[in-house]
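Asker: My questions will all concern the structure given below.
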Amino acid sequence: MQVPIAHFLVLAAILFSLGVLGVVIRRNAIVIFMSIELMLNSVNLTFLAFSNYLQNVEGQVFVFLVMVVAAAEVAVGLAIIVAIFRIRETVHVDDIKLLKW
Amino acid sequence: MSVETLNVIIALVKIILVVYVAMMVTDLILILAERRISAFIQDRLGPNRVGPQGILQPLADGLKFLLKEEVIPNHVDRFLYLLAPAIILTPALMTFAVVPFGDQITTYIAGHLVTIRFQIADLDVGILYIVAIASLGVYGLVVGGYASNNKYSLLGGLRSSAQMISYELPMGLAIISVVMMTGSLRLQDIVVDQFGMWNIIRQPLAAIIFIVAAFAETNRLPFDLPEAEQELVGGYHTEYSSMKFASFFLAEYTNMITASALIVTLFFGGWHVPFLHQANLPVLWEQIIQILAFVIKTGFFLFFFIWVRWTLPRFRYDQLMNLGWKALLPLGLLNIVITAAVMAL
Amino acid sequence: MVATILFYVFAGLAILGAVMVIAHRNPIYSALSLILTLFALAGIYVLLMAHFIAIVHVAVYAGAIMVLFLFVIMLLNIRIEEKAPGAFRYMILIAAPMVVILFYELATVVFKAFSRAPVKQTNVGSVESIGNALFSQYVLPFEVTSVLLIVAMAGAVYLAKRRLNTVKE
């Protein structure tokens, strides 16, 4: 196929930027979390593009480890959000920003 | 006509014949078979008025579903409500793309020598593809249950998806044992590896775990609490009517067909017929007999699914979860350890 | 030729899904858009000859992580979110230009360095090569991830458990 590697990397850059934008402007904790997942996925795409370009299997191994860490992080993060929701009855980050009121 | 165009046409023909024609026809046969077999188990006759022995009953059912009034309640989330039946039917049909139902033949078509494999796509990650698509089957239930905006539907949808997720793990472990013995993830290699001895003899524990997990994955009794008529009104499909309701049931039957085909491929030799090679028949006859053998074996397991449904009582939800996490998962791990130990010796 | 068209289709779908994730008010639609993005990315991984990672991506992300997200959103019954209070409502006016600058920097680096190299047909992404690497050279990280998963499981169960008496710290 005739698509240069640069196009894959630019796509990853676009997804990363959109993820950053999501983290900054959204006020719902779960949607912020999803934007972080978007950023992790863009990093995966970058690793795989370079693994193909450099003919190196380490990129693929690292993507595998990134996926495992993302799964663990999502589990613990959502458990924290559920625990906070039980007490504060909301997941709006502006209502949770004070440690004690 | 070039070779590439010919290959594309062959692939399209395979997809249409296998996925659409064969699966849909088998779905219709299953609708009738379920009702007749359940009737015989319950010592009655079942539908036998429409056509000889009730053969046209599925057509009557289909007509009924098409002509029923399509009720879309006011309080549902419209987009998701309409999306859920489509989401649930897609993974059920996609899994069949990698199941091998025969060997390959090499013939002349339109002047080119082509090798037609009786399998739509021979992926080199075949078994993993099935595991991935099976884990996508959860979405139709979750979205359908949520979109109905109804606490019974939501509970039914969440229970059902929790059940499906819990039983994916023992299913994966059983598959790992088989893959360890075969040494390859391709489904065609798994079938070829069973030419000496079928996997049901080499891996009986894995077969039992896989069959039980397949029952739970397809939401069939004894694991069908999420759609239990007596408890949750209708579970996740309470608010659906006519064709969308029919889609949920078609999806369930299609999942059943896929699960039976997988059990046959992984543990019962797939399309292999023992001692067929010594009969020295012409190649075309051998292929046809092998495809027929696959169909008959899958049909037997479909009958087994229906038989178990009308024989065993239903599990309670906590019993179901206990079985999945505390019984099948350790057994699956034990099976992997034993297989590894035996292989190393 | 077909692969080229497929790449641009998948890239368009991925970007569309990403925009809908950050733009939609209802978190359920954000989650479903993220699933669309993940599928498009899986297709792109296949185009990069990373077959094993593509399938594991579908199984792990789309099949498990997003189901977890959907569960939590449905159980917590989160509907439309309210707007940010006070000055934060206009954060997008400051954030959007900065994000555009970030993207411009990344794209510039990429184009100066890798403008011509095409995708190579390789078997670096096949199951055998990844299996060989994971079990010979990278076996320690592989085993450590299993410990990480157990720790994460225990942590998640403990954090989300409902206490029977009142919470005391």
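By convention in this document, the chains of the structure tokens carry letters A, B, ... by their order, each chain's residues are numbered from 1, and ligands are numbered from 1 in the order they are shown.
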Residues of chain B within 9 Å of chain C: nearest atom pair and distance (Å, one decimal) for each, counting only C-alpha atoms, sorted by chain and number, as a Markdown table?

Answerer:
| residue | atom | partner | partner_atom | distance |
| --- | --- | --- | --- | --- |
| B:Asp124 | CA | C:Val127 | CA | 8.0 |
| B:Val125 | CA | C:Phe52 | CA | 6.7 |
| B:Leu128 | CA | C:Ile55 | CA | 6.6 |
| B:Tyr129 | CA | C:Ile55 | CA | 6.1 |
| B:Val131 | CA | C:Ala59 | CA | 7.0 |
| B:Ala132 | CA | C:Ala59 | CA | 4.2 |
| B:Ile133 | CA | C:Ala59 | CA | 7.4 |
| B:Ala134 | CA | C:Gly63 | CA | 8.3 |
| B:Ser135 | CA | C:Gly63 | CA | 4.9 |
| B:Leu136 | CA | C:Gly63 | CA | 5.3 |
| B:Gly137 | CA | C:Gly63 | CA | 8.5 |
| B:Val138 | CA | C:Val67 | CA | 7.8 |
| B:Tyr139 | CA | C:Val67 | CA | 7.4 |
| B:Val142 | CA | C:Leu70 | CA | 8.1 |
| B:Val143 | CA | C:Leu70 | CA | 8.8 |
| B:Tyr146 | CA | C:Met74 | CA | 7.3 |
| B:Leu154 | CA | C:Met74 | CA | 8.4 |
| B:Leu158 | CA | C:Phe71 | CA | 7.3 |
| B:Ser161 | CA | C:Val67 | CA | 8.6 |
| B:Ile165 | CA | C:Ala64 | CA | 8.0 |
| B:Leu185 | CA | C:Val127 | CA | 8.7 |

Asker: Select from range 1-132 of chain C everything DSSP, run on the backbone, classes as alpha helix (DSSP H), then give the selection as a PyMOL selection string.

Answerer: chain C and resi 2-23+27-47+51-57+66-76+91-113+127-132

Asker: Go ahead and save the residues from that selection, with C-alpha atoms, as a short mmCIF file (atom, residue, chain, number, x, y, z; two decimals), in the first residue's frame.

Answerer:
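Okay, out.cif is ready:
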data_model
loop_
_atom_site.label_atom_id
_atom_site.label_comp_id
_atom_site.auth_asym_id
_atom_site.auth_seq_id
_atom_site.Cartn_x
_atom_site.Cartn_y
_atom_site.Cartn_z
CA VAL C 2 -7.92 -0.96 -1.66
CA ALA C 3 -5.69 -0.77 1.40
CA THR C 4 -5.07 2.92 0.78
CA ILE C 5 -8.78 3.68 0.59
CA LEU C 6 -9.40 1.57 3.68
CA PHE C 7 -6.80 3.52 5.61
CA TYR C 8 -8.43 6.85 4.88
CA VAL C 9 -11.90 5.48 5.65
CA PHE C 10 -10.72 4.08 8.99
CA ALA C 11 -8.83 7.26 9.78
CA GLY C 12 -11.94 9.33 9.09
CA LEU C 13 -14.05 7.08 11.30
CA ALA C 14 -11.48 7.26 14.09
CA ILE C 15 -11.38 11.03 14.03
CA LEU C 16 -15.17 11.25 13.82
CA GLY C 17 -15.49 8.96 16.82
CA ALA C 18 -12.92 10.93 18.78
CA VAL C 19 -14.69 14.24 18.08
CA MET C 20 -18.00 12.74 19.19
CA VAL C 21 -16.39 11.43 22.39
CA ILE C 22 -15.43 14.90 23.49
CA ALA C 23 -18.43 16.70 22.05
CA PRO C 27 -21.84 9.97 28.37
CA ILE C 28 -23.42 6.84 26.87
CA TYR C 29 -23.01 8.27 23.39
CA SER C 30 -19.45 9.25 24.24
CA ALA C 31 -18.74 5.65 25.21
CA LEU C 32 -20.31 4.29 22.02
CA SER C 33 -18.31 6.77 19.93
CA LEU C 34 -15.16 5.63 21.67
CA ILE C 35 -16.04 2.06 20.68
CA LEU C 36 -16.31 3.23 17.07
CA THR C 37 -12.87 4.82 17.35
CA LEU C 38 -11.42 1.63 18.82
CA PHE C 39 -12.78 -0.45 15.95
CA ALA C 40 -11.38 1.94 13.39
CA LEU C 41 -8.01 1.77 15.14
CA ALA C 42 -8.13 -2.03 15.09
CA GLY C 43 -8.60 -1.87 11.33
CA ILE C 44 -5.61 0.48 11.05
CA TYR C 45 -3.51 -1.91 13.13
CA VAL C 46 -4.29 -4.67 10.65
CA LEU C 47 -3.14 -2.38 7.83
CA HIS C 51 -2.50 -8.78 13.34
CA PHE C 52 -2.08 -10.11 16.86
CA ILE C 53 -2.22 -6.68 18.44
CA ALA C 54 -5.31 -5.80 16.40
CA ILE C 55 -7.24 -8.81 17.66
CA VAL C 56 -6.04 -8.35 21.25
CA HIS C 57 -7.05 -4.69 20.95
CA MET C 66 -15.61 -0.34 27.21
CA VAL C 67 -18.10 -2.81 28.71
CA LEU C 68 -16.78 -1.76 32.11
CA PHE C 69 -17.28 1.89 31.17
CA LEU C 70 -20.84 1.21 30.01
CA PHE C 71 -21.61 -0.72 33.18
CA VAL C 72 -20.43 2.11 35.41
CA ILE C 73 -22.29 4.77 33.41
CA MET C 74 -25.50 2.76 33.51
CA LEU C 75 -25.24 1.80 37.17
CA LEU C 76 -24.49 5.34 38.28
CA MET C 91 -12.18 27.19 28.77
CA ILE C 92 -12.55 25.88 25.26
CA LEU C 93 -11.56 29.28 23.88
CA ILE C 94 -8.17 28.96 25.55
CA ALA C 95 -7.81 25.18 25.25
CA ALA C 96 -8.58 24.83 21.56
CA PRO C 97 -5.77 27.10 20.28
CA MET C 98 -3.26 25.46 22.60
CA VAL C 99 -4.28 22.02 21.40
CA VAL C 100 -3.96 23.17 17.81
CA ILE C 101 -0.44 24.38 18.59
CA LEU C 102 0.37 21.02 20.16
CA PHE C 103 -0.89 19.20 17.09
CA TYR C 104 1.05 21.51 14.80
CA GLU C 105 4.28 20.78 16.66
CA LEU C 106 3.75 17.02 16.47
CA ALA C 107 2.81 17.09 12.80
CA THR C 108 5.79 19.23 11.89
CA VAL C 109 8.24 16.85 13.54
CA VAL C 110 6.63 13.93 11.80
CA PHE C 111 6.67 15.44 8.35
CA LYS C 112 10.24 16.64 8.60
CA ALA C 113 11.45 13.20 9.55
CA VAL C 127 1.81 -14.25 16.60
CA GLU C 128 5.04 -16.25 16.39
CA SER C 129 7.37 -13.29 16.55
CA ILE C 130 5.52 -11.61 19.40
CA GLY C 131 5.29 -14.89 21.27
CA ASN C 132 9.01 -15.48 20.84
#

Asker: Gln119 in chain B: which residues within 9 Å, counting only C-alpha atoms, same-chain residues fewer than 6 positions away excluded, as number ranges by chain?

Answerer: B: 14, 96-104, 188

Asker: Which residues are near Ala117 in chain C? Cut-off 12 Å, only C-alpha atoms, ignore same chain within fewer than 5 positions. Put them as a list in words.

Answerer: Met1, Gln2, Val3, Pro4, Ile5, Ala6, His7, Phe8, Leu9, Ala49, Phe50, Asn52, Tyr53 and Leu54 of chain A; Val110, Phe111 and Lys112 of chain C

Asker: Write to file, as an mmCIF file, in the first residue's frame, the residues of the selection just made, with N, CA and C atoms.

Answerer:
data_model
loop_
_atom_site.group_PDB
_atom_site.id
_atom_site.type_symbol
_atom_site.label_atom_id
_atom_site.label_comp_id
_atom_site.auth_asym_id
_atom_site.auth_seq_id
_atom_site.Cartn_x
_atom_site.Cartn_y
_atom_site.Cartn_z
ATOM 1 N N MET A 1 0.825 -1.199 0.000
ATOM 2 C CA MET A 1 0.000 0.000 0.000
ATOM 3 C C MET A 1 0.857 1.246 0.000
ATOM 4 N N GLN A 2 0.304 2.329 -0.473
ATOM 5 C CA GLN A 2 1.099 3.511 -0.742
ATOM 6 C C GLN A 2 0.986 4.582 0.323
ATOM 7 N N VAL A 3 0.439 4.241 1.476
ATOM 8 C CA VAL A 3 0.281 5.287 2.486
ATOM 9 C C VAL A 3 1.589 5.445 3.246
ATOM 10 N N PRO A 4 2.158 6.626 3.286
ATOM 11 C CA PRO A 4 3.416 6.786 4.031
ATOM 12 C C PRO A 4 3.170 6.652 5.528
ATOM 13 N N ILE A 5 4.241 6.261 6.215
ATOM 14 C CA ILE A 5 4.137 6.096 7.673
ATOM 15 C C ILE A 5 3.740 7.412 8.320
ATOM 16 N N ALA A 6 4.147 8.517 7.706
ATOM 17 C CA ALA A 6 3.868 9.828 8.298
ATOM 18 C C ALA A 6 2.373 10.025 8.508
ATOM 19 N N HIS A 7 1.552 9.479 7.603
ATOM 20 C CA HIS A 7 0.115 9.677 7.755
ATOM 21 C C HIS A 7 -0.404 8.984 8.997
ATOM 22 N N PHE A 8 0.155 7.795 9.301
ATOM 23 C CA PHE A 8 -0.267 7.115 10.524
ATOM 24 C C PHE A 8 0.102 7.957 11.736
ATOM 25 N N LEU A 9 1.325 8.533 11.695
ATOM 26 C CA LEU A 9 1.772 9.314 12.843
ATOM 27 C C LEU A 9 0.946 10.578 13.003
ATOM 28 N N ALA A 49 3.245 1.992 14.360
ATOM 29 C CA ALA A 49 3.779 2.550 13.121
ATOM 30 C C ALA A 49 5.301 2.448 13.113
ATOM 31 N N PHE A 50 5.911 2.770 14.245
ATOM 32 C CA PHE A 50 7.375 2.686 14.290
ATOM 33 C C PHE A 50 7.863 1.255 14.277
ATOM 34 N N ASN A 52 6.592 -1.118 12.613
ATOM 35 C CA ASN A 52 6.596 -1.505 11.208
ATOM 36 C C ASN A 52 7.736 -0.840 10.457
ATOM 37 N N TYR A 53 8.011 0.422 10.765
ATOM 38 C CA TYR A 53 9.035 1.163 10.033
ATOM 39 C C TYR A 53 10.430 0.630 10.341
ATOM 40 N N LEU A 54 10.678 0.299 11.623
ATOM 41 C CA LEU A 54 12.005 -0.141 12.018
ATOM 42 C C LEU A 54 12.144 -1.653 12.021
ATOM 43 N N VAL C 110 6.858 15.139 12.582
ATOM 44 C CA VAL C 110 6.626 13.930 11.800
ATOM 45 C C VAL C 110 6.956 14.163 10.338
ATOM 46 N N PHE C 111 6.471 15.258 9.778
ATOM 47 C CA PHE C 111 6.674 15.443 8.352
ATOM 48 C C PHE C 111 8.107 15.746 8.004
ATOM 49 N N LYS C 112 8.839 16.400 8.932
ATOM 50 C CA LYS C 112 10.238 16.639 8.597
ATOM 51 C C LYS C 112 11.028 15.347 8.607
#

Asker: Using only C-alpha atoms, which of the listed residues (C:Tyr138, C:Ala156, C:Ser146, C:Arg162) sits closest to chain A?

Answerer: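 Going through C:Tyr138, C:Ala156, C:Ser146, C:Arg162 one by one, the smallest distance to chain A is for C:Ala156.
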
Asker: Show which residues sit within 12 Å of Leu323 in chain B, as a list of chain:residue names. Count only C-alpha atoms, and ignore same-chain residues fewer than 6 positions away.

Answerer: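 Skipping anything fewer than 6 positions along the chain leaves B:Gln163, B:Ser166, B:Tyr167, B:Pro170, B:Ile209, B:Val212, B:Ala213, B:Ala216, B:Pro222, B:Phe223, B:Phe315, B:Arg316, B:Tyr317, B:Leu329, B:Pro330, B:Leu331.
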